[in-house]
>>> print(open('my_file.csv').read())   # CSV, C-alpha atoms
chain,number,residue,atom,x,y,z
X,1,MET,CA,-12.9,-37.7,6.5
X,2,ASP,CA,-12.6,-34.7,8.9
X,3,ASN,CA,-12.4,-32.3,5.9
X,4,ASN,CA,-15.1,-33.9,3.8
X,5,TYR,CA,-18.6,-32.6,4.2
X,6,ASN,CA,-22.1,-32.8,2.6
X,7,THR,CA,-22.4,-29.0,2.5
X,8,ILE,CA,-20.1,-26.0,2.8
X,9,ILE,CA,-21.9,-22.8,3.9
X,10,ILE,CA,-20.1,-19.6,3.0
X,11,GLY,CA,-21.1,-16.9,5.6
X,12,ALA,CA,-22.1,-17.4,9.2
X,13,GLY,CA,-24.6,-14.6,9.5
X,14,PRO,CA,-28.3,-15.2,10.2
X,15,ALA,CA,-28.8,-17.0,6.9
X,16,GLY,CA,-25.8,-19.2,7.2
X,17,MET,CA,-26.4,-20.1,10.8
X,18,GLU,CA,-30.1,-20.9,10.2
X,19,ALA,CA,-29.3,-23.1,7.2
X,20,ALA,CA,-26.6,-24.9,9.1
X,21,TYR,CA,-29.0,-25.7,12.0
X,22,ARG,CA,-31.8,-26.9,9.6
X,23,LEU,CA,-29.3,-29.1,7.7
X,24,SER,CA,-28.1,-30.6,11.0
X,25,VAL,CA,-31.6,-31.6,11.9
X,26,PHE,CA,-31.7,-33.5,8.6
X,27,GLY,CA,-28.5,-35.2,9.6
X,28,ILE,CA,-26.4,-33.3,7.0
X,29,ARG,CA,-22.8,-32.8,7.8
X,30,THR,CA,-21.9,-29.1,7.3
X,31,CYS,CA,-18.9,-26.8,7.4
X,32,LEU,CA,-19.9,-23.2,8.3
X,33,LEU,CA,-17.3,-20.7,7.1
X,34,GLU,CA,-17.0,-17.1,8.5
X,35,LYS,CA,-14.3,-14.6,7.5
X,36,GLU,CA,-14.7,-12.6,10.7
X,37,ALA,CA,-13.6,-13.7,14.1
X,38,GLU,CA,-17.2,-14.2,15.3
X,39,THR,CA,-20.4,-15.7,13.8
X,40,GLY,CA,-23.4,-13.4,13.6
X,41,GLY,CA,-22.9,-11.0,10.7
X,42,HIS,CA,-24.7,-7.7,11.0
X,43,LEU,CA,-26.6,-8.9,14.1
X,44,LEU,CA,-23.4,-8.4,16.0
X,45,LYS,CA,-23.6,-4.7,15.3
X,46,TRP,CA,-27.3,-4.1,16.0
X,47,ASP,CA,-29.0,-3.3,19.3
X,48,ARG,CA,-32.7,-3.9,18.7
X,49,ILE,CA,-34.7,-5.3,15.8
X,50,PHE,CA,-38.0,-3.9,14.4
X,51,PRO,CA,-40.9,-4.0,14.8
X,52,GLU,CA,-41.1,-5.3,18.4
X,53,GLY,CA,-37.7,-4.0,19.5
X,54,ARG,CA,-36.3,-7.4,20.4
X,55,LYS,CA,-32.6,-7.4,21.5
X,56,ALA,CA,-30.3,-8.5,18.6
X,57,SER,CA,-28.1,-10.1,21.2
X,58,GLU,CA,-30.9,-12.4,22.3
X,59,ILE,CA,-31.7,-13.5,18.8
X,60,LEU,CA,-28.0,-14.1,18.1
X,61,GLY,CA,-27.5,-16.1,21.3
X,62,PHE,CA,-30.4,-18.3,20.4
X,63,MET,CA,-29.1,-18.9,16.8
X,64,ARG,CA,-25.6,-19.6,18.1
X,65,LYS,CA,-26.8,-22.2,20.5
X,66,ARG,CA,-28.6,-24.0,17.8
X,67,ILE,CA,-25.5,-24.5,15.7
X,68,GLU,CA,-23.7,-26.3,18.6
X,69,SER,CA,-24.2,-29.6,16.8
X,70,GLY,CA,-21.9,-32.5,16.0
X,71,ASN,CA,-23.0,-32.2,12.4
X,72,ILE,CA,-21.7,-28.6,12.2
X,73,THR,CA,-18.1,-27.6,12.0
X,74,THR,CA,-17.7,-23.8,12.3
X,75,ILE,CA,-14.5,-22.2,11.1
X,76,THR,CA,-14.1,-18.4,11.9
X,77,SER,CA,-11.4,-16.1,10.6
X,78,ALA,CA,-11.5,-18.2,7.4
X,79,ARG,CA,-10.6,-16.7,4.1
X,80,ILE,CA,-11.4,-18.6,0.9
X,81,ASP,CA,-8.3,-18.6,-1.3
X,82,SER,CA,-9.9,-20.7,-4.0
X,83,ILE,CA,-13.1,-22.7,-4.6
X,84,ARG,CA,-13.7,-24.9,-7.6
X,85,LYS,CA,-15.7,-27.8,-8.9
X,86,LYS,CA,-14.0,-31.2,-8.6
X,87,ALA,CA,-13.7,-33.6,-11.4
X,88,GLY,CA,-17.1,-35.4,-11.4
X,89,ASN,CA,-19.3,-34.2,-8.5
X,90,GLY,CA,-18.6,-32.0,-5.6
X,91,TYR,CA,-16.5,-28.9,-4.7
X,92,GLU,CA,-13.1,-28.2,-3.2
X,93,ALA,CA,-12.2,-25.1,-1.2
X,94,GLU,CA,-8.8,-24.0,-0.1
X,95,LEU,CA,-8.9,-21.9,3.1
X,96,ALA,CA,-6.5,-19.7,5.0
X,97,THR,CA,-7.3,-20.0,8.7
X,98,ASN,CA,-5.7,-19.1,12.1
X,99,GLU,CA,-4.5,-22.7,12.2
X,100,GLY,CA,-2.9,-22.4,8.7
X,101,LYS,CA,-3.9,-23.6,5.3
X,102,LYS,CA,-6.8,-26.1,5.0
X,103,THR,CA,-8.5,-27.9,2.1
X,104,ILE,CA,-12.1,-29.0,2.5
X,105,THR,CA,-14.5,-30.7,0.1
X,106,ALA,CA,-18.3,-31.1,-0.1
X,107,ASP,CA,-21.1,-32.3,-2.3
X,108,THR,CA,-22.9,-29.0,-2.2
X,109,ILE,CA,-22.3,-25.3,-1.5
X,110,LEU,CA,-24.6,-22.8,0.0
X,111,ILE,CA,-23.6,-19.1,-0.6
X,112,ALA,CA,-24.9,-16.9,2.3
X,113,CYS,CA,-22.3,-14.2,2.3
X,114,GLY,CA,-24.8,-11.4,3.1
X,115,PHE,CA,-24.5,-7.7,2.2
X,116,LYS,CA,-22.5,-4.5,2.9
X,117,LEU,CA,-24.0,-1.3,4.1
X,118,PHE,CA,-23.7,1.5,1.6
X,119,ASN,CA,-20.7,3.8,2.3
X,120,ALA,CA,-22.4,7.1,3.3
X,121,ALA,CA,-19.2,9.0,2.7
X,122,LYS,CA,-19.9,8.6,-1.0
X,123,LYS,CA,-22.9,11.0,-0.6
X,124,GLU,CA,-20.7,14.0,0.1
X,125,GLU,CA,-23.6,16.4,0.3
X,126,TYR,CA,-24.6,14.9,3.6
X,127,GLY,CA,-21.3,15.5,5.3
X,128,TYR,CA,-20.6,12.0,6.7
X,129,GLY,CA,-17.0,11.8,7.7
X,130,ILE,CA,-16.8,15.6,7.6
X,131,TYR,CA,-19.1,16.7,10.4
X,132,ASN,CA,-19.0,15.0,13.8
X,133,ARG,CA,-22.7,15.1,14.3
X,134,VAL,CA,-23.5,13.3,11.1
X,135,ILE,CA,-23.6,9.5,11.6
X,136,THR,CA,-25.2,6.4,10.0
X,137,ASN,CA,-27.9,4.0,11.2
X,138,ALA,CA,-25.2,1.5,12.1
X,139,ASP,CA,-23.3,4.1,14.1
X,140,LEU,CA,-26.5,4.9,16.0
X,141,GLU,CA,-27.2,1.3,16.8
X,142,ASN,CA,-23.7,1.1,18.4
X,143,LEU,CA,-24.5,4.2,20.4
X,144,PHE,CA,-27.7,2.6,21.6
X,145,LYS,CA,-25.8,-0.6,22.6
X,146,THR,CA,-23.3,1.4,24.6
X,147,ASN,CA,-25.8,4.0,26.0
X,148,SER,CA,-23.6,6.7,24.6
X,149,THR,CA,-25.8,8.8,22.3
X,150,GLY,CA,-24.7,11.8,24.5
X,151,SER,CA,-21.3,11.6,23.0
X,152,ILE,CA,-22.8,13.0,19.8
X,153,ILE,CA,-25.8,15.0,21.1
X,154,GLY,CA,-24.0,16.4,24.2
X,155,GLU,CA,-25.8,17.6,27.3
X,156,ASN,CA,-28.8,19.0,25.5
X,157,ARG,CA,-31.9,17.2,26.9
X,158,THR,CA,-34.1,18.8,24.3
X,159,PRO,CA,-32.2,18.0,21.1
X,160,ALA,CA,-33.3,18.1,17.5
X,161,VAL,CA,-32.5,14.9,15.6
X,162,GLY,CA,-33.0,14.2,11.9
X,163,PHE,CA,-33.1,11.0,9.9
X,164,VAL,CA,-32.5,10.9,6.2
X,165,HIS,CA,-34.0,7.9,4.4
X,166,CYS,CA,-32.7,6.2,1.3
X,167,VAL,CA,-29.0,7.0,1.5
X,168,GLY,CA,-27.5,4.9,-1.2
X,169,SER,CA,-30.8,3.3,-2.2
X,170,ARG,CA,-33.2,4.2,-5.0
X,171,ASP,CA,-30.3,6.4,-6.2
X,172,GLU,CA,-29.2,6.3,-9.8
X,173,LYS,CA,-26.1,8.3,-9.1
X,174,ALA,CA,-25.0,6.0,-6.4
X,175,GLY,CA,-25.5,3.0,-8.7
X,176,ASN,CA,-28.2,1.5,-6.6
X,177,ARG,CA,-31.7,1.7,-8.1
X,178,HIS,CA,-33.1,-0.9,-5.7
X,179,CYS,CA,-35.1,-0.3,-2.5
X,180,SER,CA,-33.3,-1.6,0.6
X,181,LYS,CA,-36.6,-2.7,2.1
X,182,VAL,CA,-35.4,-2.1,5.7
X,183,CYS,CA,-34.4,1.5,5.9
X,184,CYS,CA,-37.8,3.1,6.5
X,185,ALA,CA,-38.7,0.7,9.3
X,186,THR,CA,-35.2,1.1,10.8
X,187,ALA,CA,-35.5,4.9,10.7
X,188,VAL,CA,-38.9,4.8,12.4
X,189,LYS,CA,-37.6,2.3,15.1
X,190,GLN,CA,-34.5,4.5,15.8
X,191,ALA,CA,-36.5,7.7,15.8
X,192,MET,CA,-38.8,6.2,18.6
X,193,GLU,CA,-35.7,5.1,20.5
X,194,ILE,CA,-34.3,8.6,20.4
X,195,LYS,CA,-37.6,9.8,21.8
X,196,GLU,CA,-37.5,7.2,24.6
X,197,ALA,CA,-34.0,8.4,25.5
X,198,TYR,CA,-34.8,12.1,25.1
X,199,PRO,CA,-38.6,12.6,25.6
X,200,GLN,CA,-38.4,16.3,24.9
X,201,ALA,CA,-36.5,15.9,21.7
X,202,THR,CA,-37.8,17.1,18.3
X,203,VAL,CA,-37.3,14.3,15.8
X,204,TYR,CA,-37.6,14.6,12.0
X,205,CYS,CA,-37.7,11.9,9.3
X,206,PHE,CA,-37.0,13.1,5.8
X,207,TYR,CA,-38.3,10.5,3.3
X,208,MET,CA,-39.1,9.9,-0.4
X,209,ASP,CA,-41.9,7.4,0.1
X,210,LEU,CA,-42.5,5.4,3.3
X,211,ARG,CA,-42.4,1.7,2.5
X,212,MET,CA,-43.7,0.1,5.6
X,213,PHE,CA,-44.8,-3.1,3.9
X,214,GLY,CA,-44.3,-5.7,6.6
X,215,ARG,CA,-46.7,-7.0,9.2
X,216,HIS,CA,-47.0,-4.5,12.1
X,217,TYR,CA,-44.7,-2.1,10.3
X,218,GLU,CA,-47.5,0.3,9.5
X,219,ASP,CA,-48.6,0.1,13.2
X,220,MET,CA,-45.0,1.2,14.2
X,221,TYR,CA,-45.3,4.2,11.8
X,222,LEU,CA,-48.6,5.3,13.3
X,223,GLU,CA,-47.2,4.9,16.8
X,224,ALA,CA,-44.3,7.0,15.9
X,225,GLN,CA,-46.6,9.8,14.9
X,226,GLN,CA,-49.4,9.5,17.5
X,227,LYS,CA,-47.4,8.4,20.6
X,228,TYR,CA,-44.0,9.9,20.0
X,229,GLY,CA,-44.8,13.0,17.9
X,230,ILE,CA,-42.2,12.3,15.3
X,231,ARG,CA,-42.4,14.7,12.3
X,232,PHE,CA,-42.3,13.2,8.9
X,233,ILE,CA,-41.2,15.5,6.0
X,234,ARG,CA,-41.6,14.2,2.5
X,235,GLY,CA,-38.6,15.4,0.6
X,236,ARG,CA,-34.9,14.8,0.0
X,237,VAL,CA,-32.3,16.7,2.1
X,238,SER,CA,-30.4,18.7,-0.5
X,239,GLU,CA,-27.6,20.3,1.5
X,240,VAL,CA,-26.0,19.7,4.9
X,241,SER,CA,-23.6,22.2,6.6
X,242,GLU,CA,-22.3,23.1,10.1
X,243,ASP,CA,-23.0,26.3,12.0
X,244,CYS,CA,-20.6,28.1,14.3
X,245,ASN,CA,-21.7,25.9,17.3
X,246,GLU,CA,-20.9,22.7,15.3
X,247,ARG,CA,-24.6,21.9,15.0
X,248,ILE,CA,-25.9,20.6,11.7
X,249,VAL,CA,-28.0,22.7,9.3
X,250,ALA,CA,-30.1,20.6,6.9
X,251,LYS,CA,-31.9,22.1,3.9
X,252,ALA,CA,-34.7,20.2,2.2
X,253,GLU,CA,-38.0,20.8,0.4
X,254,ASP,CA,-41.3,19.7,1.9
X,255,THR,CA,-42.8,18.4,-1.3
X,256,LEU,CA,-46.3,18.1,0.3
X,257,SER,CA,-46.4,21.8,1.2
X,258,GLY,CA,-44.2,22.9,-1.7
X,259,LYS,CA,-42.0,24.9,0.7
X,260,PRO,CA,-38.3,24.8,1.5
X,261,VAL,CA,-37.3,23.9,5.0
X,262,LYS,CA,-34.1,24.7,7.0
X,263,ILE,CA,-33.6,22.9,10.3
X,264,THR,CA,-30.8,23.0,12.8
X,265,LEU,CA,-30.0,19.7,14.3
X,266,ASP,CA,-27.9,18.2,17.1
X,267,MET,CA,-27.6,15.0,15.2
X,268,LEU,CA,-28.3,13.8,11.7
X,269,VAL,CA,-28.6,10.1,11.0
X,270,LEU,CA,-28.2,8.7,7.5
X,271,MET,CA,-30.0,5.5,6.7
X,272,SER,CA,-27.3,3.7,4.8
X,273,GLY,CA,-29.0,1.1,2.5
X,274,ILE,CA,-28.2,-2.5,1.7
X,275,ALA,CA,-25.6,-2.9,-1.1
X,276,CYS,CA,-24.1,-6.1,-2.5
X,277,ASN,CA,-21.2,-7.7,-0.8
X,278,PRO,CA,-18.2,-7.4,-3.1
X,279,ASP,CA,-16.9,-10.7,-1.7
X,280,SER,CA,-19.7,-12.5,-3.5
X,281,GLY,CA,-18.2,-11.5,-6.9
X,282,LYS,CA,-15.0,-13.5,-6.0
X,283,ILE,CA,-17.1,-16.5,-5.1
X,284,THR,CA,-19.4,-16.4,-8.1
X,285,GLY,CA,-16.6,-15.8,-10.5
X,286,SER,CA,-14.8,-19.0,-9.3
X,287,LEU,CA,-18.0,-21.0,-9.7
X,288,SER,CA,-19.2,-19.4,-13.0
X,289,ILE,CA,-22.3,-18.0,-11.4
X,290,GLU,CA,-23.9,-14.8,-12.8
X,291,ASN,CA,-24.3,-11.6,-10.8
X,292,ASP,CA,-27.1,-9.2,-11.6
X,293,SER,CA,-26.6,-5.6,-12.8
X,294,ASP,CA,-26.8,-4.4,-9.2
X,295,GLY,CA,-24.0,-6.7,-8.1
X,296,PHE,CA,-26.2,-9.1,-6.1
X,297,ILE,CA,-26.2,-12.8,-7.2
X,298,LYS,CA,-28.7,-13.4,-9.9
X,299,TYR,CA,-31.5,-15.9,-9.2
X,300,ALA,CA,-31.5,-18.8,-11.6
X,301,ASP,CA,-35.3,-18.4,-11.8
X,302,SER,CA,-37.1,-15.2,-10.9
X,303,ILE,CA,-40.0,-17.1,-9.3
X,304,PHE,CA,-38.5,-20.2,-7.8
X,305,GLY,CA,-35.0,-18.9,-7.2
X,306,GLN,CA,-32.5,-21.0,-5.3
X,307,VAL,CA,-30.6,-23.3,-7.7
X,308,LYS,CA,-27.6,-21.7,-9.4
X,309,GLY,CA,-25.8,-24.7,-10.8
X,310,PRO,CA,-25.2,-28.4,-9.9
X,311,GLY,CA,-25.0,-28.5,-6.1
X,312,ILE,CA,-24.8,-24.7,-5.7
X,313,PHE,CA,-27.5,-22.8,-3.7
X,314,THR,CA,-28.0,-19.4,-2.1
X,315,ALA,CA,-29.8,-17.9,0.9
X,316,GLY,CA,-30.2,-14.5,2.4
X,317,THR,CA,-29.2,-11.0,1.3
X,318,CYS,CA,-26.5,-12.2,-1.2
X,319,THR,CA,-29.3,-12.2,-3.7
X,320,GLY,CA,-30.8,-8.8,-2.7
X,321,PRO,CA,-32.3,-6.8,0.2
X,322,LYS,CA,-34.4,-8.8,2.7
X,323,THR,CA,-35.7,-8.4,6.2
X,324,LEU,CA,-34.4,-10.7,9.0
X,325,PRO,CA,-37.5,-12.9,9.0
X,326,GLU,CA,-37.3,-13.2,5.2
X,327,THR,CA,-33.6,-14.1,5.4
X,328,ILE,CA,-34.3,-16.8,8.1
X,329,ASN,CA,-37.2,-18.3,6.1
X,330,GLU,CA,-35.2,-18.4,2.9
X,331,ALA,CA,-32.3,-20.2,4.8
X,332,GLY,CA,-34.8,-22.9,5.9
X,333,GLU,CA,-36.1,-23.3,2.4
X,334,ALA,CA,-32.5,-23.6,1.1
X,335,ALA,CA,-31.7,-26.3,3.6
X,336,ALA,CA,-34.8,-28.3,2.5
X,337,VAL,CA,-33.8,-28.0,-1.1
X,338,ILE,CA,-30.2,-29.1,-0.4
X,339,TYR,CA,-31.5,-32.1,1.6
X,340,GLY,CA,-33.6,-33.1,-1.4
X,341,TYR,CA,-30.7,-32.7,-3.8
X,342,LEU,CA,-28.4,-34.8,-1.6
X,343,LYS,CA,-31.1,-37.5,-1.4
X,344,GLY,CA,-31.5,-37.5,-5.2
X,345,ASN,CA,-35.0,-36.0,-5.0
X,346,SER,CA,-34.2,-32.7,-6.7
X,347,ASN,CA,-37.1,-31.5,-8.9
X,348,ASN,CA,-36.3,-27.9,-9.8
X,349,PHE,CA,-38.2,-25.7,-12.2
>>> encode(input="my_file.csv", output="C-alpha cells")
Amino acid sequence: MDNNYNTIIIGAGPAGMEAAYRLSVFGIRTCLLEKEAETGGHLLKWDRIFPEGRKASEILGFMRKRIESGNITTITSARIDSIRKKAGNGYEAELATNEGKKTITADTILIACGFKLFNAAKKEEYGYGIYNRVITNADLENLFKTNSTGSIIGENRTPAVGFVHCVGSRDEKAGNRHCSKVCCATAVKQAMEIKEAYPQATVYCFYMDLRMFGRHYEDMYLEAQQKYGIRFIRGRVSEVSEDCNERIVAKAEDTLSGKPVKITLDMLVLMSGIACNPDSGKITGSLSIENDSDGFIKYADSIFGQVKGPGIFTAGTCTGPKTLPETINEAGEAAAVIYGYLKGNSNNF
C-alpha cells in the first residue's frame, strides 16, 4: 500500500506544494514528485516578490512547512521514466530516484510542472552570454540574494542600469506571441531595488507597453517614477554593444518622442519571459493530452479549464503564464476539483 496513492502531483513548485497541502486537509493521500533535489521551483531562485517585496524564502518556508503531513509523500530527484493509464481506472508511474527504481499508482494525476524562463541567449542582438554586463532578471535576483550586484557594476556608486522588457515574450521571431504577465512588474520591482542599493544610480526601463494589471501593481509603477526617479522609455532596444571600457552601449528609439537614443550602461538586465516547460510535452504525450500551439498544456475548456481527461488535472504555469497568487489560487481550485472527483461528485462542464 505504500506505493498506492489517491493523487500523484508532478512538480513541487508553488502549485504542486499548495495543491498537496489542500488535498491533505481533505484527507487525500498524495505523492508529490520533484525532479530537482529540493522543492520550491522558481521560488528557490528568487529574492523578493512583487508588489510588496516579500522575501521569497519566507514564502517558501511557509509552504514547505504546510506539506509536512502524513498524507503527503514527497520524492525529490525523481525522474518519471513512464506514466500510463492502468487497465480500468487509475494511473501507474515508473520513477528513477536516488533510492533506485520505484513504481507508484494513483487514482488521479495533477500536472504542475511549471515553466521555463526564456533563454535570453537566443536574442543575440542583446549580447547575453557575450558581454559580462548583460544579465537576466533571474541572474539579478541571485545577485540580490547574495548582495553581490557589485560583481557586475563594479565600484561605481553612480551607475547607469537598463532593463529591457519582453525578452522572448510578445515576439513572433522567438516563437512566443504571448505576454508573460510578470515581466513588467518584475522589472519595476528590480529597478527600485537597484535604486535602493545605489541611490545615485540612473535607471532606465525600455518597454513596449506597460502591463501593470494586478492589484497595487500600478501603485508600484507610480512609486518607481515619483519616489525613485526611474526613467521609462517606450521603445525596443535594437542593438547592444560594448565600449572600450567594457560598458554596455544600448541603442533604441523613444517612440513617444520619435527620437533615437543611445545610452551607456554599467549593467543591462534582460527580462526573460515565461516559456513552456519542455518536460510537459513528455508527460502529455504519454497521457494523450493536447498541448497548445505555444507549447503550454491546452485547457480542456477555455472558461472552466482544469479537467484534461479521466482523473487528470492541471495547476499553475504549465497551462500558461500566471502570477504567484494566481498559481496558488488555481492549485487550491484543482485540489477541490480532485476531491470532488474522488468522492464521485464530479460535475464538469
>>> atom_distance(input="my_file.csv", atom1="CA of Asn137 (chain X)", atom2="CA of Met271 (chain X)")
5.2 Å
>>> closest_atom_pairs(input="my_file.csv", of="region 207-257 of chain X", to="region 46-51 of chain X", cutoff="9 Å", atoms="all atoms listed in the file", output="Markdown table")
| residue | atom | partner | partner_atom | distance |
| --- | --- | --- | --- | --- |
| X:Arg215 | CA | X:Pro51 | CA | 8.6 |
| X:His216 | CA | X:Pro51 | CA | 6.7 |
| X:Tyr217 | CA | X:Pro51 | CA | 6.2 |
| X:Asp219 | CA | X:Pro51 | CA | 8.9 |
| X:Met220 | CA | X:Pro51 | CA | 6.6 |
>>> atom_distance(input="my_file.csv", atom1="CA of Ala191 (chain X)", atom2="CA of Glu253 (chain X)")
20.3 Å
>>> atom_distance(input="my_file.csv", atom1="CA of Ser169 (chain X)", atom2="CA of Cys205 (chain X)")
15.9 Å
>>> residues_around(input="my_file.csv", residues="region 224-238 of chain X", least_positions_apart="5", cutoff="8 Å", atoms="all atoms listed in the file", output="list in words")
Glu125, Val164, Val188, Ala191, Met192, Lys195, Thr202, Val203, Tyr204, Cys205, Phe206, Tyr207, Met208, Asp209, Ala250, Lys251, Ala252, Glu253, Asp254, Thr255 and Leu256 of chain X
>>> closest_residue(input="my_file.csv", among="X:Lys102, X:Arg133, X:Arg79, X:Lys85", to="Leu268 (chain X)", atoms="all atoms listed in the file")
X:Arg133
>>> residues_near_point(input="my_file.csv", point="(-31.5, -26.2, 1.7)", cutoff="10 Å", atoms="all atoms listed in the file", output="PDB file with C-alpha atoms, in the frame of the given file")
ATOM      1  CA  THR X   7     -22.400 -29.000   2.500  1.00  0.00           C
ATOM      2  CA  ALA X  19     -29.300 -23.100   7.200  1.00  0.00           C
ATOM      3  CA  ALA X  20     -26.600 -24.900   9.100  1.00  0.00           C
ATOM      4  CA  ARG X  22     -31.800 -26.900   9.600  1.00  0.00           C
ATOM      5  CA  LEU X  23     -29.300 -29.100   7.700  1.00  0.00           C
ATOM      6  CA  THR X 108     -22.900 -29.000  -2.200  1.00  0.00           C
ATOM      7  CA  ILE X 109     -22.300 -25.300  -1.500  1.00  0.00           C
ATOM      8  CA  LEU X 110     -24.600 -22.800   0.000  1.00  0.00           C
ATOM      9  CA  GLN X 306     -32.500 -21.000  -5.300  1.00  0.00           C
ATOM     10  CA  VAL X 307     -30.600 -23.300  -7.700  1.00  0.00           C
ATOM     11  CA  PHE X 313     -27.500 -22.800  -3.700  1.00  0.00           C
ATOM     12  CA  THR X 314     -28.000 -19.400  -2.100  1.00  0.00           C
ATOM     13  CA  ALA X 315     -29.800 -17.900   0.900  1.00  0.00           C
ATOM     14  CA  GLU X 330     -35.200 -18.400   2.900  1.00  0.00           C
ATOM     15  CA  ALA X 331     -32.300 -20.200   4.800  1.00  0.00           C
ATOM     16  CA  GLY X 332     -34.800 -22.900   5.900  1.00  0.00           C
ATOM     17  CA  GLU X 333     -36.100 -23.300   2.400  1.00  0.00           C
ATOM     18  CA  ALA X 334     -32.500 -23.600   1.100  1.00  0.00           C
ATOM     19  CA  ALA X 335     -31.700 -26.300   3.600  1.00  0.00           C
ATOM     20  CA  ALA X 336     -34.800 -28.300   2.500  1.00  0.00           C
ATOM     21  CA  VAL X 337     -33.800 -28.000  -1.100  1.00  0.00           C
ATOM     22  CA  ILE X 338     -30.200 -29.100  -0.400  1.00  0.00           C
ATOM     23  CA  TYR X 339     -31.500 -32.100   1.600  1.00  0.00           C
ATOM     24  CA  GLY X 340     -33.600 -33.100  -1.400  1.00  0.00           C
ATOM     25  CA  TYR X 341     -30.700 -32.700  -3.800  1.00  0.00           C
ATOM     26  CA  LEU X 342     -28.400 -34.800  -1.600  1.00  0.00           C
TER      27      LEU X 342
END
>>> residues_around(input="my_file.csv", residues="Ile9 (chain X)", least_positions_apart="2", cutoff="7 Å", atoms="all atoms listed in the file", output="tab-separated table (two decimals) with C-alpha atoms, in the coordinates of the input")
chain	number	residue	atom	x	y	z
X	7	THR	CA	-22.40	-29.00	2.50
X	11	GLY	CA	-21.10	-16.90	5.60
X	16	GLY	CA	-25.80	-19.20	7.20
X	31	CYS	CA	-18.90	-26.80	7.40
X	32	LEU	CA	-19.90	-23.20	8.30
X	33	LEU	CA	-17.30	-20.70	7.10
X	109	ILE	CA	-22.30	-25.30	-1.50
X	110	LEU	CA	-24.60	-22.80	0.00
X	111	ILE	CA	-23.60	-19.10	-0.60
X	112	ALA	CA	-24.90	-16.90	2.30
>>> closest_residue(input="my_file.csv", among="X:Ile153, X:Cys113, X:Ala160, X:Asp294", to="Glu172 (chain X)", atoms="all atoms listed in the file")
X:Asp294
>>> closest_residue(input="my_file.csv", among="X:Thr149, X:Thr327, X:Asn132, X:Ser82", to="Gly13 (chain X)", atoms="all atoms listed in the file")
X:Thr327
>>> build_atoms(input="my_file.csv", residues="region 68-82 of chain X", atoms="N, CA and C atoms", output="PDB file, in the frame of the given file")
ATOM      1  N   GLU X  68     -24.628 -25.486  17.780  1.00  0.00           N
ATOM      2  CA  GLU X  68     -23.700 -26.300  18.600  1.00  0.00           C
ATOM      3  C   GLU X  68     -24.057 -27.771  18.391  1.00  0.00           C
ATOM      4  N   SER X  69     -23.824 -28.259  17.206  1.00  0.00           N
ATOM      5  CA  SER X  69     -24.200 -29.600  16.800  1.00  0.00           C
ATOM      6  C   SER X  69     -23.008 -30.365  16.312  1.00  0.00           C
ATOM      7  N   GLY X  70     -23.005 -31.676  16.544  1.00  0.00           N
ATOM      8  CA  GLY X  70     -21.900 -32.500  16.000  1.00  0.00           C
ATOM      9  C   GLY X  70     -21.874 -32.574  14.530  1.00  0.00           C
ATOM     10  N   ASN X  71     -22.997 -32.210  13.885  1.00  0.00           N
ATOM     11  CA  ASN X  71     -23.000 -32.200  12.400  1.00  0.00           C
ATOM     12  C   ASN X  71     -22.494 -30.927  11.807  1.00  0.00           C
ATOM     13  N   ILE X  72     -22.175 -29.931  12.668  1.00  0.00           N
ATOM     14  CA  ILE X  72     -21.700 -28.600  12.200  1.00  0.00           C
ATOM     15  C   ILE X  72     -20.323 -28.320  12.644  1.00  0.00           C
ATOM     16  N   THR X  73     -19.442 -28.080  11.711  1.00  0.00           N
ATOM     17  CA  THR X  73     -18.100 -27.600  12.000  1.00  0.00           C
ATOM     18  C   THR X  73     -18.044 -26.118  11.625  1.00  0.00           C
ATOM     19  N   THR X  74     -17.761 -25.245  12.581  1.00  0.00           N
ATOM     20  CA  THR X  74     -17.700 -23.800  12.300  1.00  0.00           C
ATOM     21  C   THR X  74     -16.244 -23.352  12.313  1.00  0.00           C
ATOM     22  N   ILE X  75     -15.852 -22.698  11.261  1.00  0.00           N
ATOM     23  CA  ILE X  75     -14.500 -22.200  11.100  1.00  0.00           C
ATOM     24  C   ILE X  75     -14.599 -20.654  10.970  1.00  0.00           C
ATOM     25  N   THR X  76     -14.137 -19.901  11.967  1.00  0.00           N
ATOM     26  CA  THR X  76     -14.100 -18.400  11.900  1.00  0.00           C
ATOM     27  C   THR X  76     -12.741 -17.962  11.427  1.00  0.00           C
ATOM     28  N   SER X  77     -12.660 -16.682  11.114  1.00  0.00           N
ATOM     29  CA  SER X  77     -11.400 -16.100  10.600  1.00  0.00           C
ATOM     30  C   SER X  77     -10.922 -16.920   9.384  1.00  0.00           C
ATOM     31  N   ALA X  78     -11.864 -17.339   8.560  1.00  0.00           N
ATOM     32  CA  ALA X  78     -11.500 -18.200   7.400  1.00  0.00           C
ATOM     33  C   ALA X  78     -11.638 -17.405   6.116  1.00  0.00           C
ATOM     34  N   ARG X  79     -10.554 -17.365   5.376  1.00  0.00           N
ATOM     35  CA  ARG X  79     -10.600 -16.700   4.100  1.00  0.00           C
ATOM     36  C   ARG X  79     -10.489 -17.798   2.993  1.00  0.00           C
ATOM     37  N   ILE X  80     -11.372 -17.680   2.013  1.00  0.00           N
ATOM     38  CA  ILE X  80     -11.400 -18.600   0.900  1.00  0.00           C
ATOM     39  C   ILE X  80     -10.368 -18.185  -0.135  1.00  0.00           C
ATOM     40  N   ASP X  81      -9.280 -18.942  -0.265  1.00  0.00           N
ATOM     41  CA  ASP X  81      -8.300 -18.600  -1.300  1.00  0.00           C
ATOM     42  C   ASP X  81      -8.729 -19.050  -2.665  1.00  0.00           C
ATOM     43  N   SER X  82      -9.410 -20.196  -2.726  1.00  0.00           N
ATOM     44  CA  SER X  82      -9.900 -20.700  -4.000  1.00  0.00           C
ATOM     45  C   SER X  82     -11.070 -21.652  -3.737  1.00  0.00           C
TER      46      SER X  82
END
